[in-house]
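Quick look at model_19.txt (compact mmCIF, C-alpha atoms and all ligand atoms):
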```
# COMPACT_ATOMS: atom_id res chain seq x y z
CA ARG A 21 -17.18 -11.71 25.26
CA LYS A 22 -20.35 -13.68 24.71
CA THR A 23 -19.06 -16.98 26.00
CA LEU A 24 -16.27 -16.09 28.47
CA PRO A 25 -17.30 -15.46 32.08
CA HIS A 26 -16.58 -11.87 33.03
CA ASP A 27 -13.27 -11.19 34.75
CA GLU A 28 -12.90 -7.96 36.74
CA ARG A 29 -9.24 -7.70 35.75
CA TRP A 30 -10.20 -6.94 32.15
CA THR A 31 -11.24 -3.44 33.05
CA ALA A 32 -9.92 -2.88 36.59
CA TYR A 33 -6.74 -1.22 35.32
CA LEU A 34 -8.76 1.52 33.57
CA GLN A 35 -9.29 3.47 36.79
CA ASP A 36 -5.51 3.72 37.23
CA VAL A 37 -4.87 5.07 33.73
CA PRO A 38 -5.07 8.77 34.74
CA ASN A 39 -2.32 8.15 37.30
CA TYR A 40 -0.09 6.37 34.82
CA LYS A 41 3.44 7.76 34.65
CA GLU A 42 6.21 6.13 32.70
CA GLU A 43 9.58 6.35 34.40
CA PRO A 44 13.03 4.99 33.64
CA ILE A 45 14.23 1.99 35.60
CA ARG A 46 17.91 2.65 34.92
CA PRO A 47 19.96 5.76 35.69
CA ALA A 48 20.81 8.05 32.77
CA ALA A 49 24.37 7.51 31.57
CA ALA A 50 26.27 8.40 28.41
CA LEU A 51 27.58 5.88 25.91
CA ASN A 52 31.12 7.24 26.19
CA GLY A 53 33.84 4.60 26.17
CA VAL A 54 31.54 1.57 26.34
CA GLU A 55 32.76 -1.27 24.14
CA LYS A 56 30.55 -1.72 21.05
CA PRO A 57 29.82 -5.09 19.44
CA GLU A 58 30.00 -5.78 15.71
CA GLY A 59 27.04 -4.37 13.80
CA PHE A 60 26.27 -1.92 16.59
CA GLU A 61 27.08 1.26 14.64
CA ALA A 62 24.69 0.52 11.76
CA TRP A 63 21.93 -0.39 14.23
CA TYR A 64 22.63 2.72 16.30
CA GLN A 65 22.34 4.96 13.22
CA THR A 66 18.86 3.74 12.26
CA ASN A 67 17.22 2.28 15.37
CA VAL A 68 18.20 4.67 18.17
CA TYR A 69 16.68 8.11 18.77
CA GLN A 70 17.69 10.61 21.41
CA GLN A 71 15.02 11.47 23.95
CA ARG A 72 14.65 14.98 25.29
CA GLN A 73 15.90 13.71 28.62
CA ALA A 74 19.70 13.68 28.57
CA GLY A 75 21.22 10.20 28.74
CA TYR A 76 18.06 8.43 27.55
CA VAL A 77 17.19 7.09 24.11
CA THR A 78 14.32 5.35 22.39
CA VAL A 79 15.14 2.08 20.62
CA THR A 80 13.13 0.72 17.70
CA ILE A 81 13.04 -3.03 17.22
CA ASN A 82 12.73 -3.59 13.50
CA LEU A 83 10.32 -6.48 12.85
CA PRO A 84 10.51 -7.85 9.29
CA LEU A 85 6.92 -7.64 7.97
CA GLY A 86 5.82 -6.90 11.54
CA ASP A 87 6.42 -10.55 12.51
CA LEU A 88 7.40 -11.78 15.96
CA THR A 89 7.26 -15.38 17.16
CA ALA A 90 5.63 -16.34 20.45
CA ARG A 91 9.04 -17.32 21.80
CA GLN A 92 10.50 -13.95 20.80
CA MET A 93 7.67 -12.22 22.62
CA TYR A 94 8.62 -13.94 25.86
CA GLN A 95 12.30 -13.19 25.24
CA LEU A 96 11.51 -9.57 24.47
CA ALA A 97 9.46 -9.27 27.66
CA ASP A 98 12.53 -10.37 29.65
CA ILE A 99 14.78 -7.91 27.81
CA ALA A 100 12.31 -5.06 28.20
CA ARG A 101 11.99 -5.69 31.96
CA GLN A 102 15.76 -5.52 32.31
CA TYR A 103 16.33 -2.31 30.34
CA ALA A 104 13.03 -0.43 29.95
CA GLY A 105 10.57 -1.64 32.55
CA ASP A 106 7.15 -3.11 31.92
CA ASN A 107 6.30 -1.10 28.83
CA VAL A 108 6.80 -1.66 25.15
CA ARG A 109 4.97 0.23 22.41
CA LEU A 110 3.78 -0.94 19.03
CA THR A 111 4.14 1.44 16.09
CA VAL A 112 2.00 1.94 13.00
CA GLU A 113 5.09 0.98 11.03
CA GLN A 114 4.83 -2.52 12.51
CA ASN A 115 7.80 -2.19 14.82
CA ILE A 116 8.22 -2.19 18.60
CA VAL A 117 9.66 0.69 20.56
CA LEU A 118 11.46 0.64 23.92
CA ARG A 119 11.63 3.99 25.69
CA TRP A 120 13.78 5.27 28.52
CA ILE A 121 16.82 3.24 27.60
CA SER A 122 19.96 4.47 29.32
CA GLU A 123 22.53 5.17 26.61
CA ALA A 124 25.23 3.25 28.45
CA ASP A 125 23.07 0.11 28.22
CA LEU A 126 22.81 0.23 24.43
CA PRO A 127 25.65 -2.22 23.60
CA ASP A 128 24.28 -4.83 26.05
CA LEU A 129 20.73 -4.26 24.85
CA TYR A 130 21.87 -4.67 21.25
CA ARG A 131 23.64 -7.96 22.12
CA ALA A 132 20.52 -9.22 23.89
CA LEU A 133 18.22 -8.29 20.97
CA LYS A 134 20.63 -9.74 18.43
CA ALA A 135 20.75 -13.04 20.34
CA VAL A 136 16.98 -13.48 19.95
CA GLY A 137 16.86 -12.36 16.33
CA LEU A 138 15.50 -8.88 17.03
CA GLY A 139 18.62 -6.83 16.35
CA ASP A 140 18.05 -5.94 12.69
CA ALA A 141 19.22 -2.46 11.69
CA GLY A 142 17.29 -0.38 9.18
CA ALA A 143 14.28 0.80 11.20
CA GLY A 144 12.52 3.59 9.32
CA THR A 145 14.54 3.02 6.14
CA ILE A 146 13.55 1.68 2.72
CA VAL A 147 13.93 -1.95 3.89
CA ASP A 148 11.49 -1.39 6.75
CA ILE A 149 8.45 -2.03 4.59
CA THR A 150 4.95 -1.84 6.03
CA SER A 151 2.55 -4.47 4.74
CA CYS A 152 -0.95 -5.57 5.63
CA PRO A 153 -1.74 -9.33 5.78
CA GLY A 154 -3.03 -9.34 2.19
CA THR A 155 -3.94 -12.71 0.70
CA ASP A 156 -2.02 -14.55 3.46
CA THR A 157 -4.94 -14.26 5.86
CA CYS A 158 -7.29 -11.45 4.84
CA LYS A 159 -10.33 -12.58 2.90
CA LEU A 160 -10.46 -9.22 1.14
CA GLY A 161 -6.88 -9.50 -0.09
CA ILE A 162 -6.41 -9.46 -3.85
CA ALA A 163 -2.63 -9.79 -4.06
CA SER A 164 0.11 -10.98 -1.73
CA SER A 165 1.28 -7.80 -0.02
CA ARG A 166 3.40 -9.76 2.46
CA GLY A 167 4.95 -11.86 -0.29
CA LEU A 168 5.93 -8.75 -2.20
CA ALA A 169 7.14 -6.95 0.92
CA GLY A 170 9.37 -9.93 1.80
CA GLU A 171 10.84 -10.02 -1.70
CA LEU A 172 11.51 -6.27 -1.74
CA ARG A 173 13.05 -6.40 1.73
CA ARG A 174 15.35 -9.22 0.64
CA ARG A 175 16.46 -7.45 -2.54
CA LEU A 176 16.85 -4.00 -1.03
CA GLY A 177 18.58 -5.43 2.05
CA GLU A 178 21.32 -6.90 -0.13
CA LYS A 179 22.30 -3.46 -1.38
CA ASN A 180 21.08 -1.24 1.44
CA ALA A 181 24.60 -0.32 2.56
CA SER A 182 25.48 1.06 -0.88
CA LEU A 183 22.28 3.08 -1.37
CA PRO A 184 22.46 6.88 -1.09
CA GLN A 185 20.98 8.25 2.14
CA ALA A 186 18.08 9.91 0.27
CA VAL A 187 17.05 6.51 -1.08
CA LYS A 188 17.52 4.80 2.28
CA ASP A 189 15.10 7.30 3.77
CA LEU A 190 12.25 6.39 1.40
CA LYS A 191 9.15 4.61 2.69
CA ILE A 192 7.54 1.69 0.92
CA LYS A 193 4.08 0.60 2.09
CA ILE A 194 1.95 -2.17 0.64
CA SER A 195 -1.72 -3.13 0.94
CA GLY A 196 -3.29 -6.30 -0.43
CA CYS A 197 -6.28 -4.32 -1.73
CA PHE A 198 -7.52 -0.75 -2.06
CA ASN A 199 -8.49 -0.58 1.62
CA SER A 200 -5.09 0.76 2.57
CA CYS A 201 -4.50 -1.11 5.84
CA GLY A 202 -0.84 -1.09 4.73
CA GLN A 203 -1.00 2.75 4.47
CA HIS A 204 0.04 2.75 0.79
CA HIS A 205 -1.49 6.19 0.23
CA ILE A 206 1.01 7.94 2.52
CA ALA A 207 4.19 6.23 1.29
CA ASP A 208 6.84 7.56 -1.08
CA ILE A 209 6.27 4.36 -3.02
CA GLY A 210 2.88 2.84 -2.23
CA LEU A 211 1.44 -0.31 -3.74
CA PHE A 212 -2.00 -1.86 -3.48
CA GLY A 213 -3.14 -5.19 -4.81
CA ASN A 214 -5.47 -5.63 -7.72
CA SER A 215 -5.66 -8.04 -10.62
CA ARG A 216 -5.93 -7.98 -14.35
CA ARG A 217 -7.16 -10.50 -16.81
CA ALA A 218 -4.91 -11.86 -19.55
CA GLY A 219 -6.90 -14.10 -21.86
CA ASN A 220 -8.57 -16.60 -19.58
CA ARG A 221 -6.15 -16.20 -16.70
CA LYS A 222 -5.91 -13.91 -13.74
CA VAL A 223 -2.64 -12.08 -13.13
CA PRO A 224 -1.88 -10.56 -9.71
CA HIS A 225 -1.02 -6.88 -10.01
CA PHE A 226 -0.15 -3.93 -7.81
CA GLN A 227 -1.30 -0.40 -8.46
CA VAL A 228 1.67 1.95 -8.05
CA VAL A 229 0.95 5.03 -5.93
CA LEU A 230 3.72 7.61 -5.92
CA GLY A 231 4.35 10.78 -3.97
CA GLY A 232 2.41 10.22 -0.77
CA LYS A 233 3.71 11.88 2.34
CA TRP A 234 3.81 10.26 5.75
CA ARG A 235 5.44 13.30 7.37
CA ASP A 236 3.38 16.34 8.44
CA ASN A 237 0.67 14.04 9.78
CA ALA A 238 0.23 12.33 6.39
CA GLY A 239 0.34 15.68 4.62
CA ASN A 240 -0.33 14.39 1.12
CA TYR A 241 -1.87 11.32 -0.47
CA GLY A 242 -0.06 9.79 -3.42
CA LEU A 243 -1.82 9.21 -6.71
CA ALA A 244 -2.05 5.95 -8.61
CA VAL A 245 -0.01 5.97 -11.82
CA GLY A 246 -0.48 2.47 -13.23
CA ALA A 247 -1.06 -1.19 -12.41
CA VAL A 248 1.99 -3.43 -12.77
CA PRO A 249 2.13 -7.26 -12.63
CA ALA A 250 3.24 -8.33 -9.15
CA LYS A 251 6.32 -10.02 -10.57
CA SER A 252 7.46 -6.77 -12.24
CA VAL A 253 7.22 -4.63 -9.11
CA PRO A 254 10.77 -5.26 -7.73
CA ILE A 255 12.44 -4.23 -10.98
CA LEU A 256 10.18 -1.18 -11.26
CA VAL A 257 11.08 -0.17 -7.70
CA ASP A 258 14.76 -0.51 -8.66
CA THR A 259 14.19 1.71 -11.69
CA ILE A 260 12.41 4.37 -9.64
CA ILE A 261 14.98 4.54 -6.85
CA ASN A 262 17.93 4.50 -9.27
CA ARG A 263 16.42 7.39 -11.21
CA TYR A 264 15.67 9.31 -8.05
CA ALA A 265 19.25 8.81 -6.86
CA ALA A 266 20.67 9.96 -10.20
CA GLU A 267 18.32 12.88 -10.94
CA ARG A 268 17.40 14.44 -7.65
CA GLU A 269 18.61 17.94 -7.01
CA LYS A 270 20.40 18.77 -3.79
CA GLY A 271 17.98 18.38 -0.89
CA GLU A 272 15.06 17.48 -3.17
CA SER A 273 12.50 15.19 -1.54
CA PHE A 274 10.96 12.25 -3.36
CA GLN A 275 7.58 14.02 -3.49
CA ASP A 276 9.18 17.10 -5.02
CA TRP A 277 11.08 15.01 -7.54
CA ILE A 278 7.91 13.19 -8.60
CA GLY A 279 6.16 16.57 -8.88
CA ARG A 280 9.01 18.01 -10.95
CA LEU A 281 9.00 14.99 -13.30
CA GLY A 282 5.27 15.40 -13.91
CA LYS A 283 2.69 12.70 -14.52
CA VAL A 284 3.59 12.15 -18.17
CA ALA A 285 7.23 11.32 -17.42
CA VAL A 286 6.23 9.25 -14.39
CA ARG A 287 3.80 7.27 -16.53
CA GLU A 288 6.50 6.75 -19.18
CA MET A 289 8.74 5.33 -16.46
CA VAL A 290 6.06 2.90 -15.26
CA GLN A 291 4.55 1.94 -18.64
CA PRO A 292 7.22 -0.58 -19.81
CA PHE A 293 6.58 -2.63 -16.67
CA MET A 294 2.83 -2.89 -17.21
CA ASN A 295 3.00 -5.57 -19.92
CA ILE A 296 2.00 -9.16 -19.19
CA PRO A 297 3.97 -11.79 -21.11
CA PRO A 298 1.96 -14.72 -22.54
CA PHE A 299 1.57 -17.62 -20.12
CA GLU A 300 3.55 -19.90 -22.42
CA LEU A 301 6.49 -17.47 -22.38
CA ASP A 302 6.63 -16.79 -18.65
CA PRO A 303 4.16 -18.61 -16.39
CA SER A 304 5.73 -17.05 -13.29
CA PHE A 305 3.70 -13.88 -13.96
CA TYR A 306 0.54 -15.88 -13.36
CA SER A 307 1.33 -16.70 -9.74
CA ASP A 308 1.83 -14.39 -6.81
CA TRP A 309 4.87 -13.77 -4.64
CA GLY A 310 5.26 -16.54 -2.10
CA ASP A 311 2.64 -18.69 -3.82
CA THR A 312 3.68 -21.24 -6.42
CA ARG A 313 0.12 -21.96 -7.56
CA VAL A 314 -0.75 -20.71 -11.00
CA TYR A 315 -4.06 -18.93 -11.28
CA GLY A 316 -6.19 -20.14 -14.14
CA ILE A 317 -9.60 -21.42 -15.06
CA ALA A 318 -10.82 -24.74 -16.26
CA ASP A 319 -13.95 -23.37 -17.85
CA ILE A 320 -14.64 -19.73 -18.45
CA GLY A 321 -18.15 -20.32 -19.73
CA VAL A 322 -17.71 -18.87 -23.20
CA GLY A 323 -15.72 -21.19 -25.42
CA GLU A 324 -14.31 -18.51 -27.68
CA CYS A 325 -12.52 -16.75 -24.87
CA ALA A 326 -9.64 -19.22 -24.88
CA GLY A 327 -8.77 -18.02 -28.34
CA GLU A 328 -9.35 -14.40 -27.55
CA VAL A 329 -6.19 -12.30 -27.79
CA VAL A 330 -7.44 -8.89 -26.67
CA SER A 331 -11.07 -8.72 -25.59
CA LEU A 332 -13.39 -5.86 -26.45
CA PHE A 333 -13.56 -5.11 -22.73
CA SER A 334 -9.75 -4.85 -22.50
CA MET A 335 -9.65 -2.37 -25.36
CA GLU A 336 -12.46 -0.27 -23.97
CA ILE A 337 -11.25 -0.24 -20.38
CA SER A 338 -7.84 0.89 -21.63
CA LYS A 339 -9.59 3.99 -23.04
CA ALA A 340 -10.94 4.64 -19.55
CA GLU A 341 -7.40 4.26 -18.20
CA SER A 342 -6.06 6.77 -20.75
CA VAL A 343 -8.68 9.34 -19.89
CA HIS A 344 -8.04 8.79 -16.19
CA PHE A 345 -4.39 9.49 -16.85
CA GLU A 346 -5.32 12.69 -18.71
CA ALA A 347 -7.17 13.70 -15.55
CA LEU A 348 -3.96 13.24 -13.55
CA VAL A 349 -2.02 15.35 -16.03
CA ALA A 350 -4.64 18.11 -15.89
CA LEU A 351 -4.47 18.04 -12.09
CA ASP A 352 -0.69 18.43 -12.34
CA ASP A 353 -1.19 21.42 -14.65
CA GLY A 354 -3.57 23.07 -12.19
CA ASP A 355 -6.50 22.72 -14.61
CA TYR A 356 -8.93 21.40 -12.02
CA ILE A 357 -12.08 21.67 -14.15
CA THR A 358 -10.59 19.49 -16.88
CA ALA A 359 -9.18 17.10 -14.27
CA GLU A 360 -12.59 16.65 -12.67
CA ASN A 361 -14.38 16.25 -16.01
CA LYS A 362 -11.83 13.72 -17.23
CA ALA A 363 -12.18 11.70 -14.03
CA TYR A 364 -15.95 11.58 -14.58
CA GLU A 365 -15.46 10.68 -18.24
CA SER A 366 -13.09 7.84 -17.29
CA MET A 367 -15.82 6.35 -15.06
CA LEU A 368 -18.34 6.65 -17.88
CA LEU A 369 -15.98 4.85 -20.26
CA ALA A 370 -15.31 2.09 -17.71
CA ALA A 371 -19.05 1.67 -17.11
CA ARG A 372 -19.66 1.57 -20.87
CA ALA A 373 -16.95 -1.08 -21.31
CA LEU A 374 -18.71 -3.18 -18.70
CA VAL A 375 -22.20 -2.61 -20.10
CA ARG A 376 -20.98 -3.63 -23.56
CA THR A 377 -20.04 -7.07 -22.26
CA GLN A 378 -23.84 -7.57 -22.01
CA TYR A 379 -25.34 -5.03 -24.38
CA LEU A 380 -23.20 -4.05 -27.36
CA ASP A 381 -25.51 -1.36 -28.67
CA VAL A 382 -25.40 1.00 -25.73
CA GLY A 383 -24.81 4.54 -27.03
CA ASN A 384 -22.27 7.14 -26.00
CA GLU A 385 -24.69 9.39 -24.15
CA PRO A 386 -23.87 9.64 -20.44
CA ASN A 387 -27.55 9.16 -19.51
CA ASP A 388 -27.79 5.96 -21.56
CA ILE A 389 -24.55 4.55 -20.13
CA VAL A 390 -25.50 5.35 -16.54
CA GLU A 391 -29.01 3.95 -16.88
CA GLU A 392 -27.78 0.71 -18.46
CA PHE A 393 -25.05 0.45 -15.84
CA ARG A 394 -27.54 1.05 -13.05
CA THR A 395 -30.05 -1.51 -14.33
CA ARG A 396 -27.59 -4.23 -15.24
CA PHE A 397 -24.90 -3.91 -12.61
CA TYR A 398 -26.07 -1.77 -9.70
CA ASP A 399 -29.67 -2.89 -9.18
CA THR A 400 -28.56 -6.50 -9.65
CA GLN A 401 -25.63 -5.90 -7.23
CA LEU A 402 -23.29 -7.53 -9.76
CA PHE A 403 -20.96 -4.55 -9.38
CA PHE A 404 -20.96 -4.77 -5.59
CA ASP A 405 -17.65 -5.27 -3.86
CA PRO A 406 -17.80 -7.92 -1.09
CA PHE A 407 -16.52 -5.36 1.42
CA ALA A 408 -17.52 -1.93 0.09
CA LYS A 409 -20.83 -3.10 -1.41
CA GLY A 410 -22.19 -0.40 -3.74
CA LYS A 411 -19.78 2.35 -2.67
CA PHE A 412 -17.68 2.40 -5.85
CA ALA A 413 -20.74 2.47 -8.11
CA SER A 414 -22.04 5.45 -6.14
CA TYR A 415 -18.98 7.46 -7.21
CA LEU A 416 -20.28 7.44 -10.80
CA LEU A 417 -23.98 7.61 -9.94
CA ASP A 418 -23.54 10.56 -7.57
CA ARG A 419 -21.27 12.52 -9.90
CA HIS A 420 -23.67 11.94 -12.78
CA ALA A 421 -26.71 13.03 -10.77
CA ASN A 422 -25.02 16.02 -9.11
CA PRO A 423 -22.37 17.68 -11.27
CA PRO A 424 -20.36 20.10 -9.11
CA THR A 425 -20.98 23.81 -9.51
CA LYS A 426 -17.55 24.80 -8.21
CA ILE A 427 -14.42 22.74 -8.75
CA ASP A 428 -11.22 23.23 -6.76
CA GLU A 429 -8.08 21.14 -6.36
CA ASP A 430 -9.49 19.04 -3.53
CA LYS A 431 -12.64 18.21 -5.44
CA ALA A 432 -10.71 17.24 -8.57
CA HIS A 433 -8.21 15.20 -6.55
CA ARG A 434 -11.00 13.35 -4.78
CA LEU A 435 -12.90 12.48 -7.97
CA ILE A 436 -9.68 11.22 -9.56
CA GLU A 437 -9.15 8.89 -6.61
CA GLU A 438 -12.77 7.79 -6.75
CA ALA A 439 -12.51 7.18 -10.49
CA ARG A 440 -9.43 5.02 -9.83
CA LEU A 441 -11.43 2.86 -7.42
CA PHE A 442 -14.38 2.75 -9.81
CA ILE A 443 -12.14 1.50 -12.64
CA GLU A 444 -10.57 -1.11 -10.34
CA ALA A 445 -14.06 -2.27 -9.34
CA THR A 446 -14.95 -2.51 -13.03
CA TYR A 447 -12.02 -4.86 -13.70
CA ALA A 448 -13.04 -6.99 -10.71
CA CYS A 449 -16.69 -7.08 -11.76
CA GLU A 450 -15.87 -8.06 -15.32
CA ALA A 451 -13.65 -10.90 -14.09
CA ARG A 452 -16.39 -12.10 -11.70
CA VAL A 453 -19.20 -11.87 -14.21
CA ASN A 454 -17.38 -13.18 -17.24
CA GLY A 455 -15.90 -16.24 -15.70
CA VAL A 456 -12.33 -15.78 -14.48
CA ILE A 457 -11.78 -17.86 -11.39
CA VAL A 458 -10.84 -15.68 -8.45
CA ASN A 459 -8.91 -17.78 -6.00
S1 LIG B 1 -5.73 -3.60 2.83
FE1 LIG B 1 -7.20 -5.11 2.07
S2 LIG B 1 -6.04 -7.03 2.05
FE2 LIG B 1 -4.95 -5.64 3.39
S3 LIG B 1 -5.74 -6.12 5.46
FE3 LIG B 1 -6.89 -4.37 4.63
S4 LIG B 1 -8.73 -5.28 3.74
FE4 LIG B 1 -7.20 -6.94 3.98
```
Would you kindly transcribe this structure into structure tokens?
Ligand code: SF4
Amino acid sequence: RKTLPHDERWTAYLQDVPNYKEEPIRPAAALNGVEKPEGFEAWYQTNVYQQRQAGYVTVTINLPLGDLTARQMYQLADIARQYAGDNVRLTVEQNIVLRWISEADLPDLYRALKAVGLGDAGAGTIVDITSCPGTDTCKLGIASSRGLAGELRRRLGEKNASLPQAVKDLKIKISGCFNSCGQHHIADIGLFGNSRRAGNRKVPHFQVVLGGKWRDNAGNYGLAVGAVPAKSVPILVDTIINRYAAEREKGESFQDWIGRLGKVAVREMVQPFMNIPPFELDPSFYSDWGDTRVYGIADIGVGECAGEVVSLFSMEISKAESVHFEALVALDDGDYITAENKAYESMLLAARALVRTQYLDVGNEPNDIVEEFRTRFYDTQLFFDPFAKGKFASYLLDRHANPPTKIDEDKAHRLIEEARLFIEATYACEARVNGVIVN
């Protein structure tokens, strides 16, 4: 905008917008008796939706990871002009939609899409994973959301045909960090990138967020239940969907099943996948999906760390994690006061774990912890996230300064989510300050 000379055409179309009317370019006609190519039925089941107008359907073009080559864009433009007119629509699920398709044209349209590599079935199913750019191109990315999405799509695609319909209907959404551009908070199975430290190495992880709801206008946000090494996510997803398939009651949604299991059982399901094997035993855990480089450090600044098995910080932050989990359980039980208090306590414990990396003698009093945290990590901006700046620290500082007088479910839920982000920021700060190389 600053350097290009102005062109009237950029905005000229805006005055015509109120008169815009989308109309079909082909006459409505039923599919009856038209010969169908191989693969058509599966595609028809998942990618074609009836419009209100008889004889017309909407077709979803399923784009793996939302990707489309420049050549495919030209080819798609030709196909769209032939069957749908000048309009295509992009969806928040990273697909493309063609409207006003005459049903009788579907077999030819399918052949045309297939010929240019855009005829994949499975739109809106478990293989149709939404993912933000993550570490591929986003400078805020912590883990490879696209790498993981590609791996999950490959694995789930191999067995998609044999999965029960209830599993096929699940949504998986992945973000490369907490910012949720991949919409992880409204997925049945949501994942967002973070990292954990194992000795002197950094291990890419994903926080698992279960029970979000994309229907009813994103009617419910899922809650984080544990951070799992990136390389363990596919097998955890397998475990979750297999259990859901085996245990669900007739007509039971994923959200209801997760609610019926309860946080303790959900945590027990996730826990075995949270372990990080030693580098010498399995170095693959120390690189991300789609990236063969191993994360590590040449010099972490404090010589003893190389011999450190479990750091004091690791032990203390795990206490914060436990208390955060107790908050989730209390929320499940409808005990909102305990849930809110536990969320606050988990932030205090995380802050204390961080403070003790600099000042071992800090006490247990909330005022002491908060003041030391403020002086050492907030005022110095050491705790600041490159994107969110001091936002995560303010979750603790605000709650400490202004304890709520009335606690309801929403308030407890919100503080639990804020505590999750505060704890994640604590891990990141500790890794930054104490010498782990962040690639
Ligand atoms: S969620 Fe994070 S990594 Fe993904 S695009 Fe947004 S800011 Fe970048």
d(atom CA of Asp428 of chain A, atom CA of Lys191 of chain A) in Å =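 Going from atom CA of Asp428 of chain A over to atom CA of Lys191 of chain A, I get 29.2 Å.
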Give as a list in words the set of residues within 12 Å of the point (2.2, 13.6, 2.1), where distances use the file's coordinates and all atoms listed in the file.
->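 With a cut-off of 12 Å, the residues come to Lys191, Gln203, His204, His205, Ile206, Ala207, Asp208, Ile209, Gly210, Val229, Leu230, Gly231, Gly232, Lys233, Trp234, Arg235, Asp236, Asn237, Ala238, Gly239, Asn240, Tyr241, Gly242, Leu243, Ser273, Phe274, Gln275 and Asp276 of chain A.
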Written selection (C-alpha atoms) as a CSV table (one decimal), keeping the file's coordinate frame:
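Saved the output as again.csv:
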```csv
chain,number,residue,atom,x,y,z
A,191,LYS,CA,9.2,4.6,2.7
A,203,GLN,CA,-1.0,2.8,4.5
A,204,HIS,CA,0.0,2.8,0.8
A,205,HIS,CA,-1.5,6.2,0.2
A,206,ILE,CA,1.0,7.9,2.5
A,207,ALA,CA,4.2,6.2,1.3
A,208,ASP,CA,6.8,7.6,-1.1
A,209,ILE,CA,6.3,4.4,-3.0
A,210,GLY,CA,2.9,2.8,-2.2
A,229,VAL,CA,1.0,5.0,-5.9
A,230,LEU,CA,3.7,7.6,-5.9
A,231,GLY,CA,4.4,10.8,-4.0
A,232,GLY,CA,2.4,10.2,-0.8
A,233,LYS,CA,3.7,11.9,2.3
A,234,TRP,CA,3.8,10.3,5.8
A,235,ARG,CA,5.4,13.3,7.4
A,236,ASP,CA,3.4,16.3,8.4
A,237,ASN,CA,0.7,14.0,9.8
A,238,ALA,CA,0.2,12.3,6.4
A,239,GLY,CA,0.3,15.7,4.6
A,240,ASN,CA,-0.3,14.4,1.1
A,241,TYR,CA,-1.9,11.3,-0.5
A,242,GLY,CA,-0.1,9.8,-3.4
A,243,LEU,CA,-1.8,9.2,-6.7
A,273,SER,CA,12.5,15.2,-1.5
A,274,PHE,CA,11.0,12.2,-3.4
A,275,GLN,CA,7.6,14.0,-3.5
A,276,ASP,CA,9.2,17.1,-5.0
```
Taking into account only C-alpha atoms and all ligand atoms, which residue in the set A:Ser151, A:Gln185, A:Gln65, A:Thr23 is nearest to ligand LIG 1 (chain B)?
->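 Smallest separation from ligand LIG 1 (chain B) among the options: A:Ser151.
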Between A:Asp156, A:Glu43, A:Asp388, A:Glu360, single out the one closest to ligand LIG 1 (chain B), counting all atoms listed in the file.
-> A:Asp156
Please give me, as an MDAnalysis selection string, the residues lying within 8 Å of ligand LIG 1 (chain B) when counting all atoms listed in the file.
-> chainID A and resid 151:155 157:163 165 195:202 212:213
Work out how far apart atom CA of Glu438 of chain A and atom CA of Phe407 of chain A are and give it in Å to one decimal.
->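 Separation between atom CA of Glu438 of chain A and atom CA of Phe407 of chain A: 15.9 Å.
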What's the 6 Å shell around Met367 of chain A, counting all atoms listed in the file, without same-chain residues fewer than 3 positions away, as a PyMOL selection string?
-> chain A and resi 364+370+439
Looking at A:Pro254, A:Pro224, A:Pro423, A:Pro47, which one is nearest to Ala448 of chain A, with distances taken over all atoms listed in the file?
-> A:Pro224
From A:Ser307, A:Gln378, A:Asn220, A:Gln102, residue lying nearest Leu168 of chain A [all atoms listed in the file] =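 Between A:Ser307, A:Gln378, A:Asn220, A:Gln102, the residue approaching Leu168 of chain A most closely is A:Ser307.
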Grab the atom CA of Leu380 of chain A to atom CA of Asn214 of chain A distance for me, in Å with one decimal place.
->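 Spanning atom CA of Leu380 of chain A to atom CA of Asn214 of chain A is a straight-line distance of 26.5 Å.
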Could you list as a list of chain:residue names every residue that has an atom within 9 Å of (-26.5, -2.3, -17.5), using the file's coordinates and counting only C-alpha atoms?
->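 Within 9 Å of (-26.5, -2.3, -17.5), the protein and nucleic acid residues are A:Ala371, A:Arg372, A:Leu374, A:Val375, A:Arg376, A:Gln378, A:Tyr379, A:Val382, A:Ile389, A:Val390, A:Glu391, A:Glu392, A:Phe393, A:Arg394, A:Thr395, A:Arg396, A:Phe397, A:Tyr398, A:Asp399.
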Nearest to Ser338 of chain A, chosen from A:Arg174, A:Arg263, A:Arg101, A:Arg216, with all atoms listed in the file counted in the distances | A:Arg216
Just the residues within 12 Å of Glu61 of chain A, please, counting all atoms listed in the file, with nothing from its chain fewer than 2 positions along; format it as a list in words.
->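 Residues meeting the cut-off are Glu55, Lys56, Pro57, Glu58, Gly59, Trp63, Tyr64, Gln65, Thr66, Asn67, Val68, Leu126, Pro127, Tyr130, Gly139, Asp140, Ala141 and Gly142 of chain A.
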With C-alpha atoms kept, could you save the residues just selected as a tab-separated table (two decimals), in the coordinates of the input?
```tsv
chain	number	residue	atom	x	y	z
A	55	GLU	CA	32.76	-1.27	24.14
A	56	LYS	CA	30.55	-1.72	21.05
A	57	PRO	CA	29.82	-5.09	19.44
A	58	GLU	CA	30.00	-5.78	15.71
A	59	GLY	CA	27.04	-4.37	13.80
A	63	TRP	CA	21.93	-0.39	14.23
A	64	TYR	CA	22.63	2.72	16.30
A	65	GLN	CA	22.34	4.96	13.22
A	66	THR	CA	18.86	3.74	12.26
A	67	ASN	CA	17.22	2.28	15.37
A	68	VAL	CA	18.20	4.67	18.17
A	126	LEU	CA	22.81	0.23	24.43
A	127	PRO	CA	25.65	-2.22	23.60
A	130	TYR	CA	21.87	-4.67	21.25
A	139	GLY	CA	18.62	-6.83	16.35
A	140	ASP	CA	18.05	-5.94	12.69
A	141	ALA	CA	19.22	-2.46	11.69
A	142	GLY	CA	17.29	-0.38	9.18
```
